[in-house]
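Let me begin by presenting the structure, written as structure tokens, before commenting on it.
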Amino acid sequence: MNDDLRDLYQEVILDHGRHPRNRRIIEDANHHAHGENPLCGDKLMVFLKVNAAGVIDDVSFEGKGCAISTASASLMTEVVVGKTQKQAEDLFAAFHALTTGGEPPVLPEDLEDDFDRLCVLAGVRDYPVRVKCATLAWHTLEAAMHDAQKVTTE
């Protein structure tokens with residue numbers, strides 16, 4: 001990755017970390033879960049409003065975490081709204097592979113732009129302890145979609 005691209009990615013992460021999108025409680029959420037990374041103390045809740053067709057109409061998060069954890073949660077809320085639960089799971093699988101150094105699965109064309117937005121966090125794969133920070137919101141999203149009340153990155 002060239003220096004200009006790395007600088008741009010850092011700016012995006014810092015912007016989402018300092019000014020997170022969708023940091024709020026959805027009062028009429030029909031799914032939610034608590035997530036915790038006990039290694040660094042990151043804690044968050046993910047709230048979902050999923051309609052009868054299985055489409056995520058609204059998603060948000062609350063909690064405290066490092067810049068990477070917060071930025072990841074913020075970006076996640078932007079890309080999964082309007083997606084089906086299956087599409088959100090596909091994005092999580094691709095994001096998890098990206099951050100752990102695996103080969104991301106081939107995504108349907110309608111998810112490629114969303115995945116490209118998540119690539120700003122690809123650099124965490126070089127810092128294994130930070131992978132849990134970047135994936136906490138996603139694990140918590142998955143727990144919420146499956147009505148598990150709590151998840152940990154232990």
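How things are named: the first chain in the structure tokens is A, the next is B, and so on; residues count from 1 in each chain; ligands count from 1 in the order shown.
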
Stretch 54-61 of chain A surroundings by only C-alpha atoms, 7 Å radius, close-in-sequence under 4 positions cut, as a list in words: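 Residues meeting the cut-off are Asn22, Arg23, Arg24, Ile25, Ile26, Leu44, Met45, Val46, Phe47, Leu48, Lys49, Val50, Thr77, Val81, Gly82, Lys83, Thr84 and Gln85 of chain A.
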
Can you spit out the residues from that selection as an mmCIF file, in the first residue's frame, using C-alpha atoms?
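Done, and the output landed in out00.cif:
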```cif
data_model
loop_
_atom_site.group_PDB
_atom_site.id
_atom_site.type_symbol
_atom_site.label_atom_id
_atom_site.label_comp_id
_atom_site.auth_asym_id
_atom_site.auth_seq_id
_atom_site.Cartn_x
_atom_site.Cartn_y
_atom_site.Cartn_z
ATOM 1 C CA ASN A 22 -25.075 6.030 14.216
ATOM 2 C CA ARG A 23 -23.868 6.139 17.809
ATOM 3 C CA ARG A 24 -27.246 6.113 19.509
ATOM 4 C CA ILE A 25 -29.857 3.797 20.952
ATOM 5 C CA ILE A 26 -32.677 2.625 18.703
ATOM 6 C CA LEU A 44 -20.493 -1.895 23.027
ATOM 7 C CA MET A 45 -24.100 -2.671 22.277
ATOM 8 C CA VAL A 46 -25.481 -3.069 18.776
ATOM 9 C CA PHE A 47 -29.133 -2.282 18.116
ATOM 10 C CA LEU A 48 -31.029 -3.495 15.046
ATOM 11 C CA LYS A 49 -34.412 -2.835 13.603
ATOM 12 C CA VAL A 50 -35.079 -5.678 11.162
ATOM 13 C CA THR A 77 -23.562 0.735 10.680
ATOM 14 C CA VAL A 81 -28.340 -0.623 6.774
ATOM 15 C CA GLY A 82 -30.685 -1.640 3.971
ATOM 16 C CA LYS A 83 -29.058 -5.058 3.662
ATOM 17 C CA THR A 84 -30.584 -8.426 4.376
ATOM 18 C CA GLN A 85 -29.194 -10.377 7.273
#
```

Just list as a PDB file with N, CA and C atoms, in the first residue's frame whatever in chain A DSSP marks as alpha helix (DSSP H).
```pdb
ATOM      1  N   ASP A   3       2.010   5.242   0.471  1.00  0.00           N
ATOM      2  CA  ASP A   3       1.880   6.150   1.620  1.00  0.00           C
ATOM      3  C   ASP A   3       0.648   7.038   1.539  1.00  0.00           C
ATOM      4  N   ASP A   4       0.318   7.516   0.324  1.00  0.00           N
ATOM      5  CA  ASP A   4      -0.863   8.375   0.177  1.00  0.00           C
ATOM      6  C   ASP A   4      -2.140   7.629   0.551  1.00  0.00           C
ATOM      7  N   LEU A   5      -2.256   6.388   0.118  1.00  0.00           N
ATOM      8  CA  LEU A   5      -3.428   5.585   0.433  1.00  0.00           C
ATOM      9  C   LEU A   5      -3.478   5.261   1.920  1.00  0.00           C
ATOM     10  N   ARG A   6      -2.345   4.941   2.498  1.00  0.00           N
ATOM     11  CA  ARG A   6      -2.286   4.671   3.936  1.00  0.00           C
ATOM     12  C   ARG A   6      -2.715   5.913   4.726  1.00  0.00           C
ATOM     13  N   ASP A   7      -2.269   7.098   4.308  1.00  0.00           N
ATOM     14  CA  ASP A   7      -2.659   8.347   4.979  1.00  0.00           C
ATOM     15  C   ASP A   7      -4.163   8.585   4.861  1.00  0.00           C
ATOM     16  N   LEU A   8      -4.725   8.311   3.686  1.00  0.00           N
ATOM     17  CA  LEU A   8      -6.157   8.478   3.491  1.00  0.00           C
ATOM     18  C   LEU A   8      -6.932   7.522   4.405  1.00  0.00           C
ATOM     19  N   TYR A   9      -6.493   6.279   4.458  1.00  0.00           N
ATOM     20  CA  TYR A   9      -7.151   5.296   5.320  1.00  0.00           C
ATOM     21  C   TYR A   9      -7.090   5.737   6.778  1.00  0.00           C
ATOM     22  N   GLN A  10      -5.941   6.252   7.209  1.00  0.00           N
ATOM     23  CA  GLN A  10      -5.817   6.720   8.591  1.00  0.00           C
ATOM     24  C   GLN A  10      -6.764   7.882   8.864  1.00  0.00           C
ATOM     25  N   GLU A  11      -6.922   8.773   7.886  1.00  0.00           N
ATOM     26  CA  GLU A  11      -7.841   9.895   8.046  1.00  0.00           C
ATOM     27  C   GLU A  11      -9.275   9.418   8.202  1.00  0.00           C
ATOM     28  N   VAL A  12      -9.678   8.428   7.415  1.00  0.00           N
ATOM     29  CA  VAL A  12     -11.037   7.885   7.490  1.00  0.00           C
ATOM     30  C   VAL A  12     -11.259   7.233   8.854  1.00  0.00           C
ATOM     31  N   ILE A  13     -10.288   6.443   9.308  1.00  0.00           N
ATOM     32  CA  ILE A  13     -10.403   5.783  10.616  1.00  0.00           C
ATOM     33  C   ILE A  13     -10.499   6.828  11.728  1.00  0.00           C
ATOM     34  N   LEU A  14      -9.649   7.839  11.689  1.00  0.00           N
ATOM     35  CA  LEU A  14      -9.692   8.885  12.713  1.00  0.00           C
ATOM     36  C   LEU A  14     -11.009   9.652  12.678  1.00  0.00           C
ATOM     37  N   ASP A  15     -11.514   9.937  11.485  1.00  0.00           N
ATOM     38  CA  ASP A  15     -12.782  10.655  11.369  1.00  0.00           C
ATOM     39  C   ASP A  15     -13.925   9.838  11.984  1.00  0.00           C
ATOM     40  N   HIS A  16     -14.005   8.562  11.649  1.00  0.00           N
ATOM     41  CA  HIS A  16     -15.059   7.704  12.212  1.00  0.00           C
ATOM     42  C   HIS A  16     -14.839   7.468  13.706  1.00  0.00           C
ATOM     43  N   GLY A  17     -13.595   7.448  14.136  1.00  0.00           N
ATOM     44  CA  GLY A  17     -13.307   7.273  15.558  1.00  0.00           C
ATOM     45  C   GLY A  17     -13.692   8.495  16.380  1.00  0.00           C
ATOM     46  N   ARG A  18     -13.467   9.670  15.818  1.00  0.00           N
ATOM     47  CA  ARG A  18     -13.777  10.918  16.533  1.00  0.00           C
ATOM     48  C   ARG A  18     -15.232  11.353  16.378  1.00  0.00           C
ATOM     49  N   ALA A  67     -10.125   3.852  19.086  1.00  0.00           N
ATOM     50  CA  ALA A  67     -10.450   4.466  17.792  1.00  0.00           C
ATOM     51  C   ALA A  67     -10.773   3.418  16.734  1.00  0.00           C
ATOM     52  N   ILE A  68     -10.055   2.313  16.720  1.00  0.00           N
ATOM     53  CA  ILE A  68     -10.306   1.281  15.714  1.00  0.00           C
ATOM     54  C   ILE A  68     -11.648   0.614  15.952  1.00  0.00           C
ATOM     55  N   SER A  69     -11.946   0.290  17.191  1.00  0.00           N
ATOM     56  CA  SER A  69     -13.227  -0.327  17.525  1.00  0.00           C
ATOM     57  C   SER A  69     -14.389   0.598  17.161  1.00  0.00           C
ATOM     58  N   THR A  70     -14.269   1.859  17.522  1.00  0.00           N
ATOM     59  CA  THR A  70     -15.319   2.837  17.245  1.00  0.00           C
ATOM     60  C   THR A  70     -15.470   3.073  15.747  1.00  0.00           C
ATOM     61  N   ALA A  71     -14.359   3.223  15.049  1.00  0.00           N
ATOM     62  CA  ALA A  71     -14.416   3.439  13.601  1.00  0.00           C
ATOM     63  C   ALA A  71     -15.036   2.240  12.897  1.00  0.00           C
ATOM     64  N   SER A  72     -14.680   1.044  13.320  1.00  0.00           N
ATOM     65  CA  SER A  72     -15.239  -0.156  12.715  1.00  0.00           C
ATOM     66  C   SER A  72     -16.746  -0.226  12.931  1.00  0.00           C
ATOM     67  N   ALA A  73     -17.196   0.075  14.152  1.00  0.00           N
ATOM     68  CA  ALA A  73     -18.630   0.067  14.448  1.00  0.00           C
ATOM     69  C   ALA A  73     -19.358   1.106  13.596  1.00  0.00           C
ATOM     70  N   SER A  74     -18.771   2.290  13.480  1.00  0.00           N
ATOM     71  CA  SER A  74     -19.364   3.363  12.693  1.00  0.00           C
ATOM     72  C   SER A  74     -19.487   2.962  11.218  1.00  0.00           C
ATOM     73  N   LEU A  75     -18.405   2.455  10.661  1.00  0.00           N
ATOM     74  CA  LEU A  75     -18.433   2.010   9.267  1.00  0.00           C
ATOM     75  C   LEU A  75     -19.427   0.869   9.066  1.00  0.00           C
ATOM     76  N   MET A  76     -19.455  -0.062  10.013  1.00  0.00           N
ATOM     77  CA  MET A  76     -20.377  -1.194   9.914  1.00  0.00           C
ATOM     78  C   MET A  76     -21.814  -0.701   9.831  1.00  0.00           C
ATOM     79  N   THR A  77     -22.177   0.266  10.693  1.00  0.00           N
ATOM     80  CA  THR A  77     -23.562   0.735  10.680  1.00  0.00           C
ATOM     81  C   THR A  77     -23.922   1.389   9.350  1.00  0.00           C
ATOM     82  N   GLU A  78     -22.954   1.997   8.711  1.00  0.00           N
ATOM     83  CA  GLU A  78     -23.227   2.629   7.420  1.00  0.00           C
ATOM     84  C   GLU A  78     -23.425   1.606   6.300  1.00  0.00           C
ATOM     85  N   VAL A  79     -22.673   0.527   6.340  1.00  0.00           N
ATOM     86  CA  VAL A  79     -22.749  -0.409   5.205  1.00  0.00           C
ATOM     87  C   VAL A  79     -23.831  -1.473   5.341  1.00  0.00           C
ATOM     88  N   VAL A  80     -24.288  -1.781   6.557  1.00  0.00           N
ATOM     89  CA  VAL A  80     -25.281  -2.864   6.659  1.00  0.00           C
ATOM     90  C   VAL A  80     -26.727  -2.387   6.618  1.00  0.00           C
ATOM     91  N   GLN A  85     -30.088  -9.775   6.290  1.00  0.00           N
ATOM     92  CA  GLN A  85     -29.194 -10.377   7.273  1.00  0.00           C
ATOM     93  C   GLN A  85     -28.142 -11.236   6.567  1.00  0.00           C
ATOM     94  N   LYS A  86     -28.520 -11.913   5.518  1.00  0.00           N
ATOM     95  CA  LYS A  86     -27.561 -12.737   4.748  1.00  0.00           C
ATOM     96  C   LYS A  86     -26.463 -11.849   4.155  1.00  0.00           C
ATOM     97  N   GLN A  87     -26.839 -10.709   3.596  1.00  0.00           N
ATOM     98  CA  GLN A  87     -25.842  -9.795   3.034  1.00  0.00           C
ATOM     99  C   GLN A  87     -24.912  -9.271   4.131  1.00  0.00           C
ATOM    100  N   ALA A  88     -25.470  -8.956   5.312  1.00  0.00           N
ATOM    101  CA  ALA A  88     -24.641  -8.495   6.424  1.00  0.00           C
ATOM    102  C   ALA A  88     -23.668  -9.593   6.849  1.00  0.00           C
ATOM    103  N   GLU A  89     -24.123 -10.836   6.877  1.00  0.00           N
ATOM    104  CA  GLU A  89     -23.240 -11.956   7.221  1.00  0.00           C
ATOM    105  C   GLU A  89     -22.150 -12.137   6.173  1.00  0.00           C
ATOM    106  N   ASP A  90     -22.499 -11.953   4.907  1.00  0.00           N
ATOM    107  CA  ASP A  90     -21.498 -12.047   3.837  1.00  0.00           C
ATOM    108  C   ASP A  90     -20.439 -10.955   3.979  1.00  0.00           C
ATOM    109  N   LEU A  91     -20.870  -9.743   4.309  1.00  0.00           N
ATOM    110  CA  LEU A  91     -19.917  -8.646   4.518  1.00  0.00           C
ATOM    111  C   LEU A  91     -19.023  -8.938   5.715  1.00  0.00           C
ATOM    112  N   PHE A  92     -19.596  -9.497   6.773  1.00  0.00           N
ATOM    113  CA  PHE A  92     -18.798  -9.838   7.951  1.00  0.00           C
ATOM    114  C   PHE A  92     -17.757 -10.892   7.595  1.00  0.00           C
ATOM    115  N   ALA A  93     -18.140 -11.911   6.855  1.00  0.00           N
ATOM    116  CA  ALA A  93     -17.191 -12.963   6.465  1.00  0.00           C
ATOM    117  C   ALA A  93     -16.034 -12.368   5.658  1.00  0.00           C
ATOM    118  N   ALA A  94     -16.353 -11.478   4.738  1.00  0.00           N
ATOM    119  CA  ALA A  94     -15.313 -10.846   3.921  1.00  0.00           C
ATOM    120  C   ALA A  94     -14.440  -9.929   4.772  1.00  0.00           C
ATOM    121  N   PHE A  95     -15.061  -9.169   5.663  1.00  0.00           N
ATOM    122  CA  PHE A  95     -14.311  -8.262   6.535  1.00  0.00           C
ATOM    123  C   PHE A  95     -13.411  -9.050   7.481  1.00  0.00           C
ATOM    124  N   HIS A  96     -13.923 -10.133   8.024  1.00  0.00           N
ATOM    125  CA  HIS A  96     -13.123 -10.955   8.941  1.00  0.00           C
ATOM    126  C   HIS A  96     -11.899 -11.512   8.217  1.00  0.00           C
ATOM    127  N   ALA A  97     -12.098 -12.004   7.012  1.00  0.00           N
ATOM    128  CA  ALA A  97     -10.972 -12.522   6.233  1.00  0.00           C
ATOM    129  C   ALA A  97      -9.963 -11.407   5.941  1.00  0.00           C
ATOM    130  N   LEU A  98     -10.465 -10.229   5.599  1.00  0.00           N
ATOM    131  CA  LEU A  98      -9.595  -9.092   5.305  1.00  0.00           C
ATOM    132  C   LEU A  98      -8.729  -8.737   6.509  1.00  0.00           C
ATOM    133  N   THR A  99      -9.325  -8.710   7.688  1.00  0.00           N
ATOM    134  CA  THR A  99      -8.595  -8.265   8.874  1.00  0.00           C
ATOM    135  C   THR A  99      -7.715  -9.348   9.482  1.00  0.00           C
ATOM    136  N   THR A 100      -7.962 -10.600   9.144  1.00  0.00           N
ATOM    137  CA  THR A 100      -7.148 -11.685   9.697  1.00  0.00           C
ATOM    138  C   THR A 100      -6.114 -12.196   8.712  1.00  0.00           C
ATOM    139  N   GLU A 109     -21.866  -8.637  -6.687  1.00  0.00           N
ATOM    140  CA  GLU A 109     -21.530  -7.303  -7.177  1.00  0.00           C
ATOM    141  C   GLU A 109     -22.182  -6.198  -6.347  1.00  0.00           C
ATOM    142  N   ASP A 110     -23.381  -6.443  -5.833  1.00  0.00           N
ATOM    143  CA  ASP A 110     -24.077  -5.401  -5.081  1.00  0.00           C
ATOM    144  C   ASP A 110     -23.462  -5.133  -3.702  1.00  0.00           C
ATOM    145  N   LEU A 111     -22.492  -5.947  -3.279  1.00  0.00           N
ATOM    146  CA  LEU A 111     -21.814  -5.723  -1.998  1.00  0.00           C
ATOM    147  C   LEU A 111     -20.380  -5.227  -2.152  1.00  0.00           C
ATOM    148  N   GLU A 112     -19.884  -5.189  -3.371  1.00  0.00           N
ATOM    149  CA  GLU A 112     -18.480  -4.832  -3.596  1.00  0.00           C
ATOM    150  C   GLU A 112     -18.138  -3.423  -3.119  1.00  0.00           C
ATOM    151  N   ASP A 113     -18.982  -2.440  -3.414  1.00  0.00           N
ATOM    152  CA  ASP A 113     -18.693  -1.064  -2.981  1.00  0.00           C
ATOM    153  C   ASP A 113     -18.683  -0.955  -1.459  1.00  0.00           C
ATOM    154  N   ASP A 114     -19.610  -1.664  -0.816  1.00  0.00           N
ATOM    155  CA  ASP A 114     -19.645  -1.639   0.649  1.00  0.00           C
ATOM    156  C   ASP A 114     -18.376  -2.261   1.221  1.00  0.00           C
ATOM    157  N   PHE A 115     -17.949  -3.377   0.645  1.00  0.00           N
ATOM    158  CA  PHE A 115     -16.718  -4.006   1.118  1.00  0.00           C
ATOM    159  C   PHE A 115     -15.515  -3.094   0.887  1.00  0.00           C
ATOM    160  N   ASP A 116     -15.478  -2.418  -0.243  1.00  0.00           N
ATOM    161  CA  ASP A 116     -14.374  -1.492  -0.522  1.00  0.00           C
ATOM    162  C   ASP A 116     -14.274  -0.413   0.553  1.00  0.00           C
ATOM    163  N   ARG A 117     -15.414   0.037   1.071  1.00  0.00           N
ATOM    164  CA  ARG A 117     -15.396   1.053   2.135  1.00  0.00           C
ATOM    165  C   ARG A 117     -14.763   0.513   3.406  1.00  0.00           C
ATOM    166  N   LEU A 118     -14.897  -0.787   3.628  1.00  0.00           N
ATOM    167  CA  LEU A 118     -14.359  -1.415   4.839  1.00  0.00           C
ATOM    168  C   LEU A 118     -12.851  -1.657   4.749  1.00  0.00           C
ATOM    169  N   PRO A 128      -2.070  -8.258  15.122  1.00  0.00           N
ATOM    170  CA  PRO A 128      -3.084  -9.243  15.533  1.00  0.00           C
ATOM    171  C   PRO A 128      -3.905  -8.858  16.760  1.00  0.00           C
ATOM    172  N   VAL A 129      -3.321  -8.155  17.710  1.00  0.00           N
ATOM    173  CA  VAL A 129      -4.077  -7.772  18.902  1.00  0.00           C
ATOM    174  C   VAL A 129      -5.181  -6.766  18.547  1.00  0.00           C
ATOM    175  N   ARG A 130      -5.036  -6.032  17.455  1.00  0.00           N
ATOM    176  CA  ARG A 130      -6.022  -5.026  17.035  1.00  0.00           C
ATOM    177  C   ARG A 130      -7.168  -5.632  16.228  1.00  0.00           C
ATOM    178  N   VAL A 131      -6.994  -6.864  15.743  1.00  0.00           N
ATOM    179  CA  VAL A 131      -8.048  -7.518  14.967  1.00  0.00           C
ATOM    180  C   VAL A 131      -9.323  -7.632  15.793  1.00  0.00           C
ATOM    181  N   LYS A 132      -9.175  -7.957  17.075  1.00  0.00           N
ATOM    182  CA  LYS A 132     -10.349  -8.084  17.941  1.00  0.00           C
ATOM    183  C   LYS A 132     -11.047  -6.736  18.115  1.00  0.00           C
ATOM    184  N   CYS A 133     -10.297  -5.665  18.100  1.00  0.00           N
ATOM    185  CA  CYS A 133     -10.893  -4.325  18.177  1.00  0.00           C
ATOM    186  C   CYS A 133     -11.734  -4.053  16.928  1.00  0.00           C
ATOM    187  N   ALA A 134     -11.179  -4.389  15.784  1.00  0.00           N
ATOM    188  CA  ALA A 134     -11.856  -4.116  14.513  1.00  0.00           C
ATOM    189  C   ALA A 134     -13.066  -5.009  14.286  1.00  0.00           C
ATOM    190  N   THR A 135     -13.048  -6.224  14.832  1.00  0.00           N
ATOM    191  CA  THR A 135     -14.146  -7.156  14.554  1.00  0.00           C
ATOM    192  C   THR A 135     -15.196  -7.213  15.661  1.00  0.00           C
ATOM    193  N   LEU A 136     -14.973  -6.534  16.781  1.00  0.00           N
ATOM    194  CA  LEU A 136     -15.920  -6.595  17.891  1.00  0.00           C
ATOM    195  C   LEU A 136     -17.332  -6.204  17.468  1.00  0.00           C
ATOM    196  N   ALA A 137     -17.484  -5.085  16.794  1.00  0.00           N
ATOM    197  CA  ALA A 137     -18.824  -4.642  16.383  1.00  0.00           C
ATOM    198  C   ALA A 137     -19.483  -5.663  15.467  1.00  0.00           C
ATOM    199  N   TRP A 138     -18.688  -6.278  14.606  1.00  0.00           N
ATOM    200  CA  TRP A 138     -19.231  -7.264  13.669  1.00  0.00           C
ATOM    201  C   TRP A 138     -19.679  -8.534  14.385  1.00  0.00           C
ATOM    202  N   HIS A 139     -18.884  -8.990  15.349  1.00  0.00           N
ATOM    203  CA  HIS A 139     -19.299 -10.154  16.138  1.00  0.00           C
ATOM    204  C   HIS A 139     -20.581  -9.836  16.917  1.00  0.00           C
ATOM    205  N   THR A 140     -20.670  -8.608  17.405  1.00  0.00           N
ATOM    206  CA  THR A 140     -21.848  -8.198  18.164  1.00  0.00           C
ATOM    207  C   THR A 140     -23.062  -8.079  17.245  1.00  0.00           C
ATOM    208  N   LEU A 141     -22.862  -7.577  16.040  1.00  0.00           N
ATOM    209  CA  LEU A 141     -23.940  -7.537  15.042  1.00  0.00           C
ATOM    210  C   LEU A 141     -24.461  -8.942  14.773  1.00  0.00           C
ATOM    211  N   GLU A 142     -23.545  -9.865  14.558  1.00  0.00           N
ATOM    212  CA  GLU A 142     -23.939 -11.250  14.288  1.00  0.00           C
ATOM    213  C   GLU A 142     -24.718 -11.834  15.471  1.00  0.00           C
ATOM    214  N   ALA A 143     -24.255 -11.564  16.687  1.00  0.00           N
ATOM    215  CA  ALA A 143     -24.967 -12.037  17.878  1.00  0.00           C
ATOM    216  C   ALA A 143     -26.376 -11.449  17.923  1.00  0.00           C
ATOM    217  N   ALA A 144     -26.502 -10.172  17.636  1.00  0.00           N
ATOM    218  CA  ALA A 144     -27.819  -9.525  17.646  1.00  0.00           C
ATOM    219  C   ALA A 144     -28.742 -10.139  16.598  1.00  0.00           C
ATOM    220  N   MET A 145     -28.219 -10.403  15.419  1.00  0.00           N
ATOM    221  CA  MET A 145     -29.055 -10.984  14.364  1.00  0.00           C
ATOM    222  C   MET A 145     -29.555 -12.372  14.734  1.00  0.00           C
TER     223      MET A 145
END
```

As a list of chain:residue names, please: every residue in chain A that DSSP puts in strand (DSSP E).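 Of chain A, the ones in strand (DSSP E) are A:His31, A:His32, A:Ala33, A:His34, A:Gly35, A:Glu36, A:Asn37, A:Asp42, A:Lys43, A:Leu44, A:Met45, A:Val46, A:Phe47, A:Leu48, A:Lys49, A:Val50, A:Ile56, A:Asp57, A:Asp58, A:Val59, A:Ser60, A:Phe61, A:Glu62, A:Gly63, A:Lys64, A:Lys150, A:Val151, A:Thr152.
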
Produce a file of the selected residues containing N, CA and C atoms, as a short mmCIF file (atom, residue, chain, number, x, y, z; two decimals), in the first residue's frame.
```cif
data_model
loop_
_atom_site.label_atom_id
_atom_site.label_comp_id
_atom_site.auth_asym_id
_atom_site.auth_seq_id
_atom_site.Cartn_x
_atom_site.Cartn_y
_atom_site.Cartn_z
N HIS A 31 -33.79 -6.28 17.86
CA HIS A 31 -32.64 -7.14 18.13
C HIS A 31 -31.55 -6.27 18.76
N HIS A 32 -30.82 -6.84 19.69
CA HIS A 32 -29.66 -6.14 20.26
C HIS A 32 -28.75 -7.17 20.92
N ALA A 33 -27.51 -6.77 21.10
CA ALA A 33 -26.54 -7.64 21.79
C ALA A 33 -25.45 -6.77 22.41
N HIS A 34 -24.85 -7.31 23.45
CA HIS A 34 -23.70 -6.68 24.11
C HIS A 34 -22.44 -7.37 23.58
N GLY A 35 -21.41 -6.58 23.31
CA GLY A 35 -20.13 -7.13 22.89
C GLY A 35 -19.02 -6.59 23.77
N GLU A 36 -18.02 -7.43 24.01
CA GLU A 36 -16.92 -7.02 24.88
C GLU A 36 -15.62 -7.63 24.40
N ASN A 37 -14.57 -6.81 24.43
CA ASN A 37 -13.22 -7.26 24.18
C ASN A 37 -12.47 -7.12 25.50
N ASP A 42 -12.78 -2.70 25.44
CA ASP A 42 -13.84 -2.20 24.56
C ASP A 42 -15.15 -2.90 24.90
N LYS A 43 -16.23 -2.10 24.99
CA LYS A 43 -17.56 -2.63 25.26
C LYS A 43 -18.55 -1.86 24.40
N LEU A 44 -19.47 -2.58 23.80
CA LEU A 44 -20.49 -1.89 23.03
C LEU A 44 -21.77 -2.71 22.96
N MET A 45 -22.83 -2.04 22.57
CA MET A 45 -24.10 -2.67 22.28
C MET A 45 -24.45 -2.32 20.85
N VAL A 46 -24.99 -3.30 20.13
CA VAL A 46 -25.48 -3.07 18.78
C VAL A 46 -26.99 -3.23 18.82
N PHE A 47 -27.68 -2.28 18.19
CA PHE A 47 -29.13 -2.28 18.12
C PHE A 47 -29.55 -2.42 16.66
N LEU A 48 -30.53 -3.28 16.40
CA LEU A 48 -31.03 -3.49 15.05
C LEU A 48 -32.54 -3.36 15.00
N LYS A 49 -32.99 -2.82 13.92
CA LYS A 49 -34.41 -2.84 13.60
C LYS A 49 -34.51 -3.58 12.27
N VAL A 50 -34.99 -4.81 12.34
CA VAL A 50 -35.08 -5.68 11.16
C VAL A 50 -36.55 -5.85 10.82
N ILE A 56 -32.39 -5.07 7.26
CA ILE A 56 -31.98 -4.20 8.36
C ILE A 56 -32.39 -2.77 8.01
N ASP A 57 -33.47 -2.31 8.65
CA ASP A 57 -33.96 -0.95 8.40
C ASP A 57 -33.15 0.11 9.14
N ASP A 58 -32.61 -0.27 10.30
CA ASP A 58 -31.82 0.68 11.08
C ASP A 58 -30.83 -0.11 11.93
N VAL A 59 -29.68 0.48 12.17
CA VAL A 59 -28.65 -0.15 13.00
C VAL A 59 -27.88 0.96 13.70
N SER A 60 -27.52 0.70 14.94
CA SER A 60 -26.76 1.68 15.69
C SER A 60 -25.92 0.96 16.74
N PHE A 61 -25.10 1.75 17.43
CA PHE A 61 -24.29 1.18 18.51
C PHE A 61 -24.11 2.22 19.59
N GLU A 62 -23.79 1.74 20.77
CA GLU A 62 -23.46 2.55 21.93
C GLU A 62 -22.30 1.88 22.62
N GLY A 63 -21.49 2.64 23.29
CA GLY A 63 -20.42 2.04 24.07
C GLY A 63 -19.14 2.82 24.00
N LYS A 64 -18.10 2.20 24.58
CA LYS A 64 -16.78 2.82 24.63
C LYS A 64 -15.76 1.87 24.04
N LYS A 150 -25.15 -11.75 24.29
CA LYS A 150 -23.81 -11.28 24.62
C LYS A 150 -22.77 -12.05 23.81
N VAL A 151 -21.70 -11.36 23.46
CA VAL A 151 -20.58 -11.98 22.76
C VAL A 151 -19.30 -11.37 23.28
N THR A 152 -18.26 -12.16 23.27
CA THR A 152 -16.95 -11.69 23.70
C THR A 152 -15.93 -12.10 22.65
#
```

Using Å and a single decimal, report how far atom CA of A:Gly41 sits from atom CA of A:Asp126.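 Atom-to-atom, atom CA of A:Asp126 to atom CA of A:Gly41, that is 20.7 Å.
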
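Note that the spacing between atom CA of A:Thr153 and atom CA of A:Glu103 amounts to 21.0 Å.
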